[in-house]
Amino acid sequence: MKEACGVFAIYAPGEDVAHKTFDGIFALQHRGQESAGMAVADGEMITVVKDTGLVASVFDDRTLHGLSGSLAIGHTRYSTAGSMDWTSAQPVYRTVGSIGFALAHNGNLTNTEGLAERVGSLPGIGLTDSDMLAELIARSFQGSEQSDRALRDALQTALPLIEGAFSLTLLDADHVYGVRDPHGFRPLCLGRFGSEEHPTGWALASESPALDVIGATFVREVEPGELVTIGKDGVSSERYVDEGVIAPHLCIFEFVYFARPDSTLRGREVHGARRRMGELLAAQAPVEADMVMGVPDSGVPAAEGFALASGTVYGQGLVKNRYIGRTFINPDQDARDKNVRRKLNPLRENIKGKRLVVVDDSIVRGTTTRALVRMLRDAGAKEVHLRISSPPFQWPCFYGIDTPTRTELLAANNTLEEITAYLGCDTLAYISLENLVSAIGFTDGFCDACLTGNYPTNVLLEMPKMRPATVDEPADLQPALPGV
Ligand code: AMP
């Protein structure tokens, strides 16, 4: 099962931590819309509330008022096909002796088979990566259950055994913890309440806007391989693996699509990186046009950059229904097609008779993009030139972005000409990897496996997502091509 999400934690005695956690995970809603939850502790008791649905539908004022304490963690879970059930909502809760702890996970483990052998079968528990993780941690308590350090020691034992992507927040009765895997695939940052000299509380969040909304000041990112403990004595930090194991590989797709544009990752605001992607794309694949437009919302910053660098007028060609979530992963094709129309509607007067440059962040299956091109043409566009601010998406992700199998990845199975014909656009260009990296401003420390197939950890070629296209593939799993 896949786990890709937003995580949050707060330690702030005297504050309304439940409402702050609500605000924090609400700001991380884009990272997961399937379920939402929080665990609140008051020094003795831990209360967990979680359910399927959006943050604002799971929590209301009454529920939040009932949750008092000094510390909390929160979670939003990413929508994945066929797993819309309550049992996979987080935080996950466990007890060991008299100690209870809760865990929230963003990422995807790659050695779950080995871990499953270690933890054995768990009656009554659905074995998601996060369940397995919690179980492994529970089994790593070493008889020191009364100690203040019990969970921290258990984490030191359990974490080195896990491979893959995991940014975690955890809580026991009186501490919150933050963990990033040794590759740092998924982001996690630390924020502070109060001044540097007199901090009054701390918070951890997948992305910095979650700190902004709760009035915390961004302090720093949690480092790959770092375990942060926050309690009455403040923040302490330790490494849970040898230095040699640490190899930073922040997901490049966080910059391309996943993170909010107002997030700061590795010291850079994501919006600026996306705008530069558009600027470099304009230089790399110029085209004569009347208007540059972005596909809302993800294509807009790069479109801004494209227009700026090419000197072409920027305009809006599509209106997005702002009450819609991310509709990309939907089990059936028909539903996905309808979702596009539900989500986007053309501004006919603005595009009629025009040669358009249409900028979007990525093409995965091509379903959305194809429907979009058709929509623009039906609305009177004279030419549609697609410009994509990421290189061809050819490899499935095993580190927390929910992608389809290789069979369904359009660029894994077709040439540029075939893709152009399938999408029905006049021209198509993807940004080069070199330009993408240059737009972000760092030359190393990224995971670009979805674009290059270079996976930083062992992934098995026979993993279900790796299936290449085969002739006897059921028709609905084949990337549909013109005339098929
Ligand atoms: P499609 O043309 O159907 O491949 O859809 C591509 C669009 O889906 C992109 O423009 C993104 O906005 C969005 N997208 C890309 N990757 C993901 C993902 N992993 N989860 C949700 N949406 C995504």
# chains A, B, ... in the order shown; residues from 1 in each chain; ligands from 1
>>> select_by_dssp(residues="segment 208-436 of chain A", states="strand (DSSP E)", output="ChimeraX atom specification")
/A:217-221,226-231,234-239,250-251,264-265,268-269,291-294,318-320,344-346,355-360,383-388,427-430
>>> residues_around(residues="Ala104 of chain A", least_positions_apart="5", cutoff="7 Å", atoms="only C-alpha atoms", output="PyMOL selection string")
chain A and resi 7+74-75+90-92+168-170
>>> closest_residue(among="A:Glu34, A:Glu288, A:Glu44, A:Glu163", to="Tyr78 of chain A", atoms="only C-alpha atoms")
A:Glu34
>>> residues_around(residues="segment 171-177 of chain A", least_positions_apart="2", cutoff="8 Å", atoms="only C-alpha atoms", output="list in words")
Ala9, Ile10, Tyr11, Ala39, Ala41, Asp42, Gly43, Glu44, Met45, Ile46, Leu71, Ala72, Ile73, Ile99, Gly100, Phe101, Ala102, Leu103, Leu151, Leu168, Thr169, Val179, Leu227, Val228, Thr229, Ile230, Gly231 and Lys232 of chain A
>>> residues_around(residues="segment 438-443 of chain A", least_positions_apart="2", cutoff="8 Å", atoms="only C-alpha atoms", output="MDAnalysis selection string")
chainID A and resid 255 268 273:274 276:277 280 434:436 445
>>> residues_near_ligand(ligand="ligand 1", cutoff="8 Å", atoms="only C-alpha atoms and all ligand atoms", output="MDAnalysis selection string")
chainID A and resid 257:258 295 297:299 326:329 336 360:370 401:403 409:410
>>> write_last_selection(atoms="N, CA and C atoms", output="tab-separated table (two decimals), in the first residue's frame")
chain	number	residue	atom	x	y	z
A	257	TYR	N	5.91	19.70	-8.88
A	257	TYR	CA	4.46	19.64	-8.75
A	257	TYR	C	3.94	19.58	-7.32
A	258	PHE	N	4.59	18.76	-6.50
A	258	PHE	CA	3.92	18.34	-5.28
A	258	PHE	C	3.82	19.44	-4.22
A	295	VAL	N	-1.71	25.86	-17.06
A	295	VAL	CA	-2.82	25.01	-16.64
A	295	VAL	C	-2.93	25.15	-15.12
A	297	ASP	N	-3.67	24.59	-11.21
A	297	ASP	CA	-2.83	25.64	-10.68
A	297	ASP	C	-1.35	25.38	-10.97
A	298	SER	N	-1.06	24.08	-11.19
A	298	SER	CA	0.35	23.69	-11.17
A	298	SER	C	1.18	24.27	-12.31
A	299	GLY	N	0.55	24.61	-13.45
A	299	GLY	CA	1.33	25.11	-14.58
A	299	GLY	C	1.51	26.62	-14.57
A	326	ARG	N	-7.24	17.37	-5.81
A	326	ARG	CA	-6.41	16.79	-6.86
A	326	ARG	C	-7.07	15.49	-7.32
A	327	THR	N	-7.43	15.45	-8.57
A	327	THR	CA	-8.29	14.36	-9.04
A	327	THR	C	-7.55	13.34	-9.88
A	328	PHE	N	-6.25	13.44	-9.84
A	328	PHE	CA	-5.43	12.68	-10.77
A	328	PHE	C	-5.58	11.16	-10.63
A	329	ILE	N	-5.49	10.67	-9.40
A	329	ILE	CA	-5.55	9.22	-9.21
A	329	ILE	C	-7.00	8.81	-9.05
A	336	ARG	N	-11.94	9.66	-14.69
A	336	ARG	CA	-10.84	10.62	-14.85
A	336	ARG	C	-11.17	11.64	-15.94
A	360	ASP	N	2.26	23.30	-18.64
A	360	ASP	CA	1.85	22.49	-17.49
A	360	ASP	C	3.09	21.88	-16.87
A	361	ASP	N	2.93	21.37	-15.64
A	361	ASP	CA	4.11	20.89	-14.93
A	361	ASP	C	4.56	19.50	-15.36
A	362	SER	N	3.60	18.64	-15.70
A	362	SER	CA	3.99	17.26	-16.02
A	362	SER	C	2.89	16.55	-16.80
A	363	ILE	N	3.32	15.50	-17.48
A	363	ILE	CA	2.35	14.59	-18.09
A	363	ILE	C	2.66	13.22	-17.52
A	364	VAL	N	1.67	12.58	-16.95
A	364	VAL	CA	1.90	11.28	-16.36
A	364	VAL	C	1.23	10.21	-17.23
A	365	ARG	N	-0.06	10.09	-17.13
A	365	ARG	CA	-0.79	9.19	-18.02
A	365	ARG	C	-1.14	9.86	-19.35
A	366	GLY	N	-1.31	11.17	-19.29
A	366	GLY	CA	-1.72	11.92	-20.48
A	366	GLY	C	-3.22	12.11	-20.57
A	367	THR	N	-3.96	11.48	-19.70
A	367	THR	CA	-5.42	11.58	-19.77
A	367	THR	C	-5.91	13.01	-19.63
A	368	THR	N	-5.44	13.68	-18.57
A	368	THR	CA	-5.87	15.05	-18.32
A	368	THR	C	-5.44	15.95	-19.47
A	369	THR	N	-4.18	15.81	-19.86
A	369	THR	CA	-3.62	16.69	-20.87
A	369	THR	C	-4.36	16.55	-22.20
A	370	ARG	N	-4.68	15.31	-22.55
A	370	ARG	CA	-5.36	15.06	-23.82
A	370	ARG	C	-6.75	15.71	-23.81
A	401	ILE	N	5.31	9.27	-3.97
A	401	ILE	CA	4.39	9.90	-4.92
A	401	ILE	C	3.61	8.76	-5.55
A	402	ASP	N	2.31	8.87	-5.52
A	402	ASP	CA	1.51	7.79	-6.05
A	402	ASP	C	1.46	7.88	-7.56
A	403	THR	N	2.19	6.98	-8.23
A	403	THR	CA	2.20	6.98	-9.69
A	403	THR	C	1.64	5.65	-10.18
A	409	LEU	N	2.42	4.83	-17.83
A	409	LEU	CA	3.16	6.09	-17.98
A	409	LEU	C	3.37	6.37	-19.47
A	410	LEU	N	2.74	7.42	-19.95
A	410	LEU	CA	2.72	7.72	-21.38
A	410	LEU	C	4.13	7.78	-21.98
>>> select_by_dssp(residues="segment 51-174 of chain A", states="alpha helix (DSSP H)", output="mmCIF file with all heavy atoms, in the first residue's frame")
data_model
loop_
_atom_site.group_PDB
_atom_site.id
_atom_site.type_symbol
_atom_site.label_atom_id
_atom_site.label_comp_id
_atom_site.auth_asym_id
_atom_site.auth_seq_id
_atom_site.Cartn_x
_atom_site.Cartn_y
_atom_site.Cartn_z
ATOM 1 N N VAL A 55 -9.702 17.617 5.706
ATOM 2 C CA VAL A 55 -9.454 18.098 7.065
ATOM 3 C C VAL A 55 -10.703 18.791 7.640
ATOM 4 O O VAL A 55 -11.128 18.509 8.761
ATOM 5 C CB VAL A 55 -8.248 19.070 7.081
ATOM 6 C CG1 VAL A 55 -8.029 19.646 8.464
ATOM 7 C CG2 VAL A 55 -6.989 18.363 6.603
ATOM 8 N N ALA A 56 -11.296 19.678 6.825
ATOM 9 C CA ALA A 56 -12.425 20.463 7.331
ATOM 10 C C ALA A 56 -13.698 19.625 7.500
ATOM 11 O O ALA A 56 -14.634 20.059 8.176
ATOM 12 C CB ALA A 56 -12.692 21.643 6.410
ATOM 13 N N SER A 57 -13.739 18.446 6.895
ATOM 14 C CA SER A 57 -14.930 17.621 7.117
ATOM 15 C C SER A 57 -14.709 16.645 8.269
ATOM 16 O O SER A 57 -15.657 16.151 8.867
ATOM 17 C CB SER A 57 -15.366 16.898 5.834
ATOM 18 O OG SER A 57 -14.358 16.014 5.428
ATOM 19 N N VAL A 58 -13.458 16.360 8.594
ATOM 20 C CA VAL A 58 -13.182 15.443 9.715
ATOM 21 C C VAL A 58 -13.276 16.195 11.052
ATOM 22 O O VAL A 58 -13.738 15.663 12.050
ATOM 23 C CB VAL A 58 -11.783 14.793 9.549
ATOM 24 C CG1 VAL A 58 -11.394 13.972 10.773
ATOM 25 C CG2 VAL A 58 -11.753 13.913 8.296
ATOM 26 N N ASP A 61 -15.359 22.627 15.124
ATOM 27 C CA ASP A 61 -14.996 23.324 16.353
ATOM 28 C C ASP A 61 -15.241 22.487 17.602
ATOM 29 O O ASP A 61 -14.440 22.480 18.537
ATOM 30 C CB ASP A 61 -15.823 24.617 16.444
ATOM 31 C CG ASP A 61 -14.892 25.805 16.469
ATOM 32 O OD1 ASP A 61 -13.696 25.612 16.232
ATOM 33 O OD2 ASP A 61 -15.390 26.916 16.738
ATOM 34 N N ARG A 62 -16.364 21.769 17.579
ATOM 35 C CA ARG A 62 -16.719 20.983 18.759
ATOM 36 C C ARG A 62 -15.697 19.877 19.018
ATOM 37 O O ARG A 62 -15.233 19.684 20.134
ATOM 38 C CB ARG A 62 -18.118 20.383 18.570
ATOM 39 C CG ARG A 62 -18.930 20.440 19.853
ATOM 40 C CD ARG A 62 -20.296 19.920 19.650
ATOM 41 N NE ARG A 62 -20.233 18.558 19.115
ATOM 42 C CZ ARG A 62 -21.292 17.832 18.797
ATOM 43 N NH1 ARG A 62 -22.482 18.339 18.937
ATOM 44 N NH2 ARG A 62 -21.178 16.614 18.329
ATOM 45 N N THR A 63 -15.324 19.178 17.953
ATOM 46 C CA THR A 63 -14.319 18.113 18.114
ATOM 47 C C THR A 63 -13.010 18.718 18.619
ATOM 48 O O THR A 63 -12.378 18.181 19.521
ATOM 49 C CB THR A 63 -14.032 17.434 16.747
ATOM 50 O OG1 THR A 63 -15.222 17.395 15.998
ATOM 51 C CG2 THR A 63 -13.411 16.085 16.896
ATOM 52 N N LEU A 64 -12.631 19.843 18.032
ATOM 53 C CA LEU A 64 -11.346 20.442 18.397
ATOM 54 C C LEU A 64 -11.352 20.935 19.849
ATOM 55 O O LEU A 64 -10.355 20.789 20.551
ATOM 56 C CB LEU A 64 -11.004 21.589 17.439
ATOM 57 C CG LEU A 64 -10.706 21.158 15.993
ATOM 58 C CD1 LEU A 64 -10.558 22.374 15.087
ATOM 59 C CD2 LEU A 64 -9.442 20.310 15.915
ATOM 60 N N HIS A 65 -12.484 21.499 20.285
ATOM 61 C CA HIS A 65 -12.565 21.976 21.668
ATOM 62 C C HIS A 65 -12.414 20.840 22.674
ATOM 63 O O HIS A 65 -11.930 21.032 23.783
ATOM 64 C CB HIS A 65 -13.874 22.730 21.900
ATOM 65 C CG HIS A 65 -13.759 24.164 21.502
ATOM 66 N ND1 HIS A 65 -12.812 25.013 22.038
ATOM 67 C CD2 HIS A 65 -14.456 24.889 20.595
ATOM 68 C CE1 HIS A 65 -12.923 26.200 21.469
ATOM 69 N NE2 HIS A 65 -13.910 26.151 20.591
ATOM 70 N N THR A 112 9.544 -3.471 2.696
ATOM 71 C CA THR A 112 8.423 -3.936 3.522
ATOM 72 C C THR A 112 8.374 -5.457 3.634
ATOM 73 O O THR A 112 7.929 -5.987 4.641
ATOM 74 C CB THR A 112 7.075 -3.444 2.962
ATOM 75 O OG1 THR A 112 7.115 -3.555 1.555
ATOM 76 C CG2 THR A 112 6.795 -2.016 3.343
ATOM 77 N N GLU A 113 8.864 -6.153 2.586
ATOM 78 C CA GLU A 113 8.820 -7.621 2.678
ATOM 79 C C GLU A 113 9.679 -8.131 3.816
ATOM 80 O O GLU A 113 9.261 -8.948 4.620
ATOM 81 C CB GLU A 113 9.261 -8.247 1.356
ATOM 82 C CG GLU A 113 8.099 -8.311 0.396
ATOM 83 C CD GLU A 113 8.444 -9.011 -0.890
ATOM 84 O OE1 GLU A 113 9.402 -9.814 -0.910
ATOM 85 O OE2 GLU A 113 7.731 -8.737 -1.871
ATOM 86 N N GLY A 114 10.878 -7.598 3.895
ATOM 87 C CA GLY A 114 11.789 -7.959 4.980
ATOM 88 C C GLY A 114 11.210 -7.574 6.336
ATOM 89 O O GLY A 114 11.276 -8.332 7.304
ATOM 90 N N LEU A 115 10.601 -6.400 6.386
ATOM 91 C CA LEU A 115 10.029 -5.929 7.654
ATOM 92 C C LEU A 115 8.840 -6.794 8.056
ATOM 93 O O LEU A 115 8.654 -7.114 9.230
ATOM 94 C CB LEU A 115 9.582 -4.473 7.539
ATOM 95 C CG LEU A 115 10.679 -3.427 7.358
ATOM 96 C CD1 LEU A 115 10.063 -2.044 7.244
ATOM 97 C CD2 LEU A 115 11.671 -3.459 8.509
ATOM 98 N N ALA A 116 8.046 -7.194 7.067
ATOM 99 C CA ALA A 116 6.877 -8.029 7.367
ATOM 100 C C ALA A 116 7.329 -9.335 8.003
ATOM 101 O O ALA A 116 6.714 -9.831 8.945
ATOM 102 C CB ALA A 116 6.083 -8.294 6.100
ATOM 103 N N GLU A 117 8.446 -9.876 7.496
ATOM 104 C CA GLU A 117 8.975 -11.103 8.094
ATOM 105 C C GLU A 117 9.359 -10.869 9.549
ATOM 106 O O GLU A 117 9.124 -11.679 10.419
ATOM 107 C CB GLU A 117 10.210 -11.564 7.329
ATOM 108 C CG GLU A 117 9.857 -12.493 6.193
ATOM 109 C CD GLU A 117 11.046 -12.722 5.284
ATOM 110 O OE1 GLU A 117 12.181 -12.810 5.796
ATOM 111 O OE2 GLU A 117 10.804 -12.814 4.058
ATOM 112 N N ARG A 118 9.929 -9.694 9.774
ATOM 113 C CA ARG A 118 10.394 -9.365 11.117
ATOM 114 C C ARG A 118 9.237 -9.163 12.096
ATOM 115 O O ARG A 118 9.270 -9.622 13.220
ATOM 116 C CB ARG A 118 11.219 -8.085 11.046
ATOM 117 C CG ARG A 118 12.106 -7.827 12.196
ATOM 118 C CD ARG A 118 12.879 -6.562 11.902
ATOM 119 N NE ARG A 118 14.156 -6.841 11.278
ATOM 120 C CZ ARG A 118 15.279 -7.017 11.961
ATOM 121 N NH1 ARG A 118 15.272 -6.962 13.259
ATOM 122 N NH2 ARG A 118 16.405 -7.258 11.348
ATOM 123 N N VAL A 119 8.215 -8.439 11.648
ATOM 124 C CA VAL A 119 7.115 -8.164 12.580
ATOM 125 C C VAL A 119 6.056 -9.263 12.578
ATOM 126 O O VAL A 119 5.207 -9.305 13.459
ATOM 127 C CB VAL A 119 6.427 -6.780 12.338
ATOM 128 C CG1 VAL A 119 7.405 -5.652 12.514
ATOM 129 C CG2 VAL A 119 5.752 -6.716 10.990
ATOM 130 N N ASP A 129 2.387 0.412 5.272
ATOM 131 C CA ASP A 129 3.770 0.703 5.652
ATOM 132 C C ASP A 129 3.814 1.294 7.054
ATOM 133 O O ASP A 129 4.692 0.978 7.856
ATOM 134 C CB ASP A 129 4.359 1.761 4.717
ATOM 135 C CG ASP A 129 4.670 1.207 3.352
ATOM 136 O OD1 ASP A 129 4.196 0.095 3.054
ATOM 137 O OD2 ASP A 129 5.374 1.890 2.606
ATOM 138 N N SER A 130 2.857 2.167 7.328
ATOM 139 C CA SER A 130 2.889 2.886 8.600
ATOM 140 C C SER A 130 2.534 1.982 9.771
ATOM 141 O O SER A 130 3.089 2.117 10.859
ATOM 142 C CB SER A 130 1.941 4.076 8.537
ATOM 143 O OG SER A 130 2.124 4.725 7.316
ATOM 144 N N ASP A 131 1.614 1.025 9.553
ATOM 145 C CA ASP A 131 1.319 0.035 10.591
ATOM 146 C C ASP A 131 2.566 -0.773 10.915
ATOM 147 O O ASP A 131 2.890 -1.036 12.070
ATOM 148 C CB ASP A 131 0.236 -0.943 10.113
ATOM 149 C CG ASP A 131 -1.132 -0.285 10.078
ATOM 150 O OD1 ASP A 131 -1.438 0.458 11.014
ATOM 151 O OD2 ASP A 131 -1.868 -0.523 9.112
ATOM 152 N N MET A 132 3.256 -1.148 9.836
ATOM 153 C CA MET A 132 4.449 -1.965 10.011
ATOM 154 C C MET A 132 5.514 -1.199 10.792
ATOM 155 O O MET A 132 6.171 -1.731 11.673
ATOM 156 C CB MET A 132 4.968 -2.318 8.625
ATOM 157 C CG MET A 132 5.438 -3.739 8.513
ATOM 158 S SD MET A 132 5.994 -4.035 6.875
ATOM 159 C CE MET A 132 4.494 -4.400 6.042
ATOM 160 N N LEU A 133 5.631 0.059 10.426
ATOM 161 C CA LEU A 133 6.596 0.934 11.089
ATOM 162 C C LEU A 133 6.280 1.045 12.582
ATOM 163 O O LEU A 133 7.167 0.902 13.430
ATOM 164 C CB LEU A 133 6.439 2.312 10.445
ATOM 165 C CG LEU A 133 7.614 3.224 10.332
ATOM 166 C CD1 LEU A 133 8.725 2.539 9.584
ATOM 167 C CD2 LEU A 133 7.189 4.482 9.570
ATOM 168 N N ALA A 134 5.015 1.270 12.889
ATOM 169 C CA ALA A 134 4.611 1.421 14.290
ATOM 170 C C ALA A 134 4.862 0.125 15.050
ATOM 171 O O ALA A 134 5.324 0.136 16.199
ATOM 172 C CB ALA A 134 3.134 1.802 14.363
ATOM 173 N N GLU A 135 4.592 -0.993 14.378
ATOM 174 C CA GLU A 135 4.793 -2.281 15.032
ATOM 175 C C GLU A 135 6.282 -2.524 15.297
ATOM 176 O O GLU A 135 6.675 -2.982 16.367
ATOM 177 C CB GLU A 135 4.208 -3.393 14.144
ATOM 178 C CG GLU A 135 4.134 -4.753 14.792
ATOM 179 C CD GLU A 135 3.330 -4.766 16.084
ATOM 180 O OE1 GLU A 135 2.427 -3.919 16.230
ATOM 181 O OE2 GLU A 135 3.619 -5.613 16.946
ATOM 182 N N LEU A 136 7.086 -2.195 14.313
ATOM 183 C CA LEU A 136 8.539 -2.365 14.466
ATOM 184 C C LEU A 136 9.050 -1.513 15.634
ATOM 185 O O LEU A 136 9.873 -1.971 16.435
ATOM 186 C CB LEU A 136 9.225 -1.932 13.165
ATOM 187 C CG LEU A 136 10.704 -2.207 13.054
ATOM 188 C CD1 LEU A 136 10.970 -3.703 12.974
ATOM 189 C CD2 LEU A 136 11.278 -1.520 11.812
ATOM 190 N N ILE A 137 8.561 -0.306 15.721
ATOM 191 C CA ILE A 137 8.982 0.582 16.818
ATOM 192 C C ILE A 137 8.499 -0.007 18.153
ATOM 193 O O ILE A 137 9.263 -0.096 19.124
ATOM 194 C CB ILE A 137 8.426 2.016 16.613
ATOM 195 C CG1 ILE A 137 9.041 2.635 15.365
ATOM 196 C CG2 ILE A 137 8.699 2.889 17.840
ATOM 197 C CD1 ILE A 137 8.329 3.878 14.854
ATOM 198 N N ALA A 138 7.255 -0.471 18.177
ATOM 199 C CA ALA A 138 6.702 -1.049 19.415
ATOM 200 C C ALA A 138 7.557 -2.223 19.883
ATOM 201 O O ALA A 138 7.823 -2.391 21.076
ATOM 202 C CB ALA A 138 5.261 -1.480 19.195
ATOM 203 N N ARG A 139 8.018 -3.018 18.924
ATOM 204 C CA ARG A 139 8.819 -4.189 19.306
ATOM 205 C C ARG A 139 10.254 -3.833 19.652
ATOM 206 O O ARG A 139 11.039 -4.688 20.042
ATOM 207 C CB ARG A 139 8.799 -5.206 18.172
ATOM 208 C CG ARG A 139 7.438 -5.822 18.048
ATOM 209 C CD ARG A 139 7.374 -6.823 16.959
ATOM 210 N NE ARG A 139 5.975 -7.201 16.756
ATOM 211 C CZ ARG A 139 5.581 -8.328 16.244
ATOM 212 N NH1 ARG A 139 6.459 -9.218 15.874
ATOM 213 N NH2 ARG A 139 4.292 -8.582 16.094
ATOM 214 N N ALA A 150 12.184 6.197 26.545
ATOM 215 C CA ALA A 150 11.784 4.896 25.993
ATOM 216 C C ALA A 150 11.517 4.938 24.488
ATOM 217 O O ALA A 150 12.093 4.150 23.730
ATOM 218 C CB ALA A 150 10.557 4.383 26.732
ATOM 219 N N LEU A 151 10.692 5.909 24.046
ATOM 220 C CA LEU A 151 10.347 5.944 22.617
ATOM 221 C C LEU A 151 11.566 6.338 21.778
ATOM 222 O O LEU A 151 11.808 5.782 20.712
ATOM 223 C CB LEU A 151 9.184 6.919 22.382
ATOM 224 C CG LEU A 151 8.710 7.055 20.938
ATOM 225 C CD1 LEU A 151 8.358 5.704 20.310
ATOM 226 C CD2 LEU A 151 7.507 7.996 20.824
ATOM 227 N N ARG A 152 12.341 7.258 22.315
ATOM 228 C CA ARG A 152 13.538 7.703 21.599
ATOM 229 C C ARG A 152 14.509 6.531 21.396
ATOM 230 O O ARG A 152 15.060 6.343 20.310
ATOM 231 C CB ARG A 152 14.178 8.791 22.449
ATOM 232 C CG ARG A 152 15.211 9.607 21.768
ATOM 233 C CD ARG A 152 15.278 10.894 22.537
ATOM 234 N NE ARG A 152 16.614 11.445 22.582
ATOM 235 C CZ ARG A 152 16.933 12.443 23.386
ATOM 236 N NH1 ARG A 152 16.040 12.952 24.225
ATOM 237 N NH2 ARG A 152 18.148 12.932 23.377
ATOM 238 N N ASP A 153 14.710 5.738 22.441
ATOM 239 C CA ASP A 153 15.596 4.574 22.328
ATOM 240 C C ASP A 153 15.041 3.569 21.330
ATOM 241 O O ASP A 153 15.774 2.983 20.526
ATOM 242 C CB ASP A 153 15.780 3.898 23.697
ATOM 243 C CG ASP A 153 16.613 4.761 24.637
ATOM 244 O OD1 ASP A 153 17.285 5.690 24.137
ATOM 245 O OD2 ASP A 153 16.587 4.523 25.866
ATOM 246 N N ALA A 154 13.721 3.365 21.390
ATOM 247 C CA ALA A 154 13.097 2.418 20.454
ATOM 248 C C ALA A 154 13.285 2.910 19.022
ATOM 249 O O ALA A 154 13.574 2.113 18.114
ATOM 250 C CB ALA A 154 11.614 2.266 20.785
ATOM 251 N N LEU A 155 13.179 4.209 18.813
ATOM 252 C CA LEU A 155 13.372 4.766 17.467
ATOM 253 C C LEU A 155 14.801 4.551 16.993
ATOM 254 O O LEU A 155 15.047 4.185 15.845
ATOM 255 C CB LEU A 155 13.033 6.265 17.458
ATOM 256 C CG LEU A 155 11.545 6.600 17.542
ATOM 257 C CD1 LEU A 155 11.336 8.091 17.802
ATOM 258 C CD2 LEU A 155 10.822 6.188 16.264
ATOM 259 N N GLN A 156 15.755 4.761 17.905
ATOM 260 C CA GLN A 156 17.166 4.553 17.555
ATOM 261 C C GLN A 156 17.405 3.111 17.103
ATOM 262 O O GLN A 156 18.231 2.854 16.241
ATOM 263 C CB GLN A 156 18.066 4.873 18.761
ATOM 264 C CG GLN A 156 18.270 6.347 19.015
ATOM 265 C CD GLN A 156 19.331 6.940 18.068
ATOM 266 O OE1 GLN A 156 19.798 6.298 17.145
ATOM 267 N NE2 GLN A 156 19.687 8.192 18.301
ATOM 268 N N THR A 157 16.680 2.172 17.690
ATOM 269 C CA THR A 157 16.840 0.760 17.318
ATOM 270 C C THR A 157 16.104 0.454 16.019
ATOM 271 O O THR A 157 16.620 -0.245 15.142
ATOM 272 C CB THR A 157 16.250 -0.154 18.436
ATOM 273 O OG1 THR A 157 16.825 0.260 19.664
ATOM 274 C CG2 THR A 157 16.517 -1.615 18.172
ATOM 275 N N ALA A 158 14.890 0.970 15.891
ATOM 276 C CA ALA A 158 14.035 0.567 14.761
ATOM 277 C C ALA A 158 14.399 1.283 13.451
ATOM 278 O O ALA A 158 14.416 0.662 12.390
ATOM 279 C CB ALA A 158 12.575 0.839 15.111
#
>>> atom_distance(atom1="atom CA of Leu190 of chain A", atom2="atom CA of Ala18 of chain A")
18.1 Å
>>> residues_around(residues="Arg348 of chain A", least_positions_apart="5", cutoff="12 Å", atoms="only C-alpha atoms", output="ChimeraX atom specification")
/A:316-319,353-354,375-382
>>> residues_around(residues="Pro301 of chain A", least_positions_apart="6", cutoff="8 Å", atoms="only C-alpha atoms", output="list in words")
His271, Gly272, Arg274, Arg275, Gly278 and Gly294 of chain A
>>> closest_residue(among="A:Ala412, A:Ala210, A:Ile246, A:Ala165", to="Cys189 of chain A", atoms="only C-alpha atoms")
A:Ala210
>>> closest_residue(among="A:Ala247, A:Val96, A:Leu344, A:Val359", to="Met293 of chain A", atoms="only C-alpha atoms")
A:Val359
>>> residues_around(residues="Asp181 of chain A", least_positions_apart="2", cutoff="8 Å", atoms="only C-alpha atoms", output="JSON, numbers by chain")
{"A": [163, 164, 165, 166, 167, 179, 183, 184, 185, 224, 225, 226]}
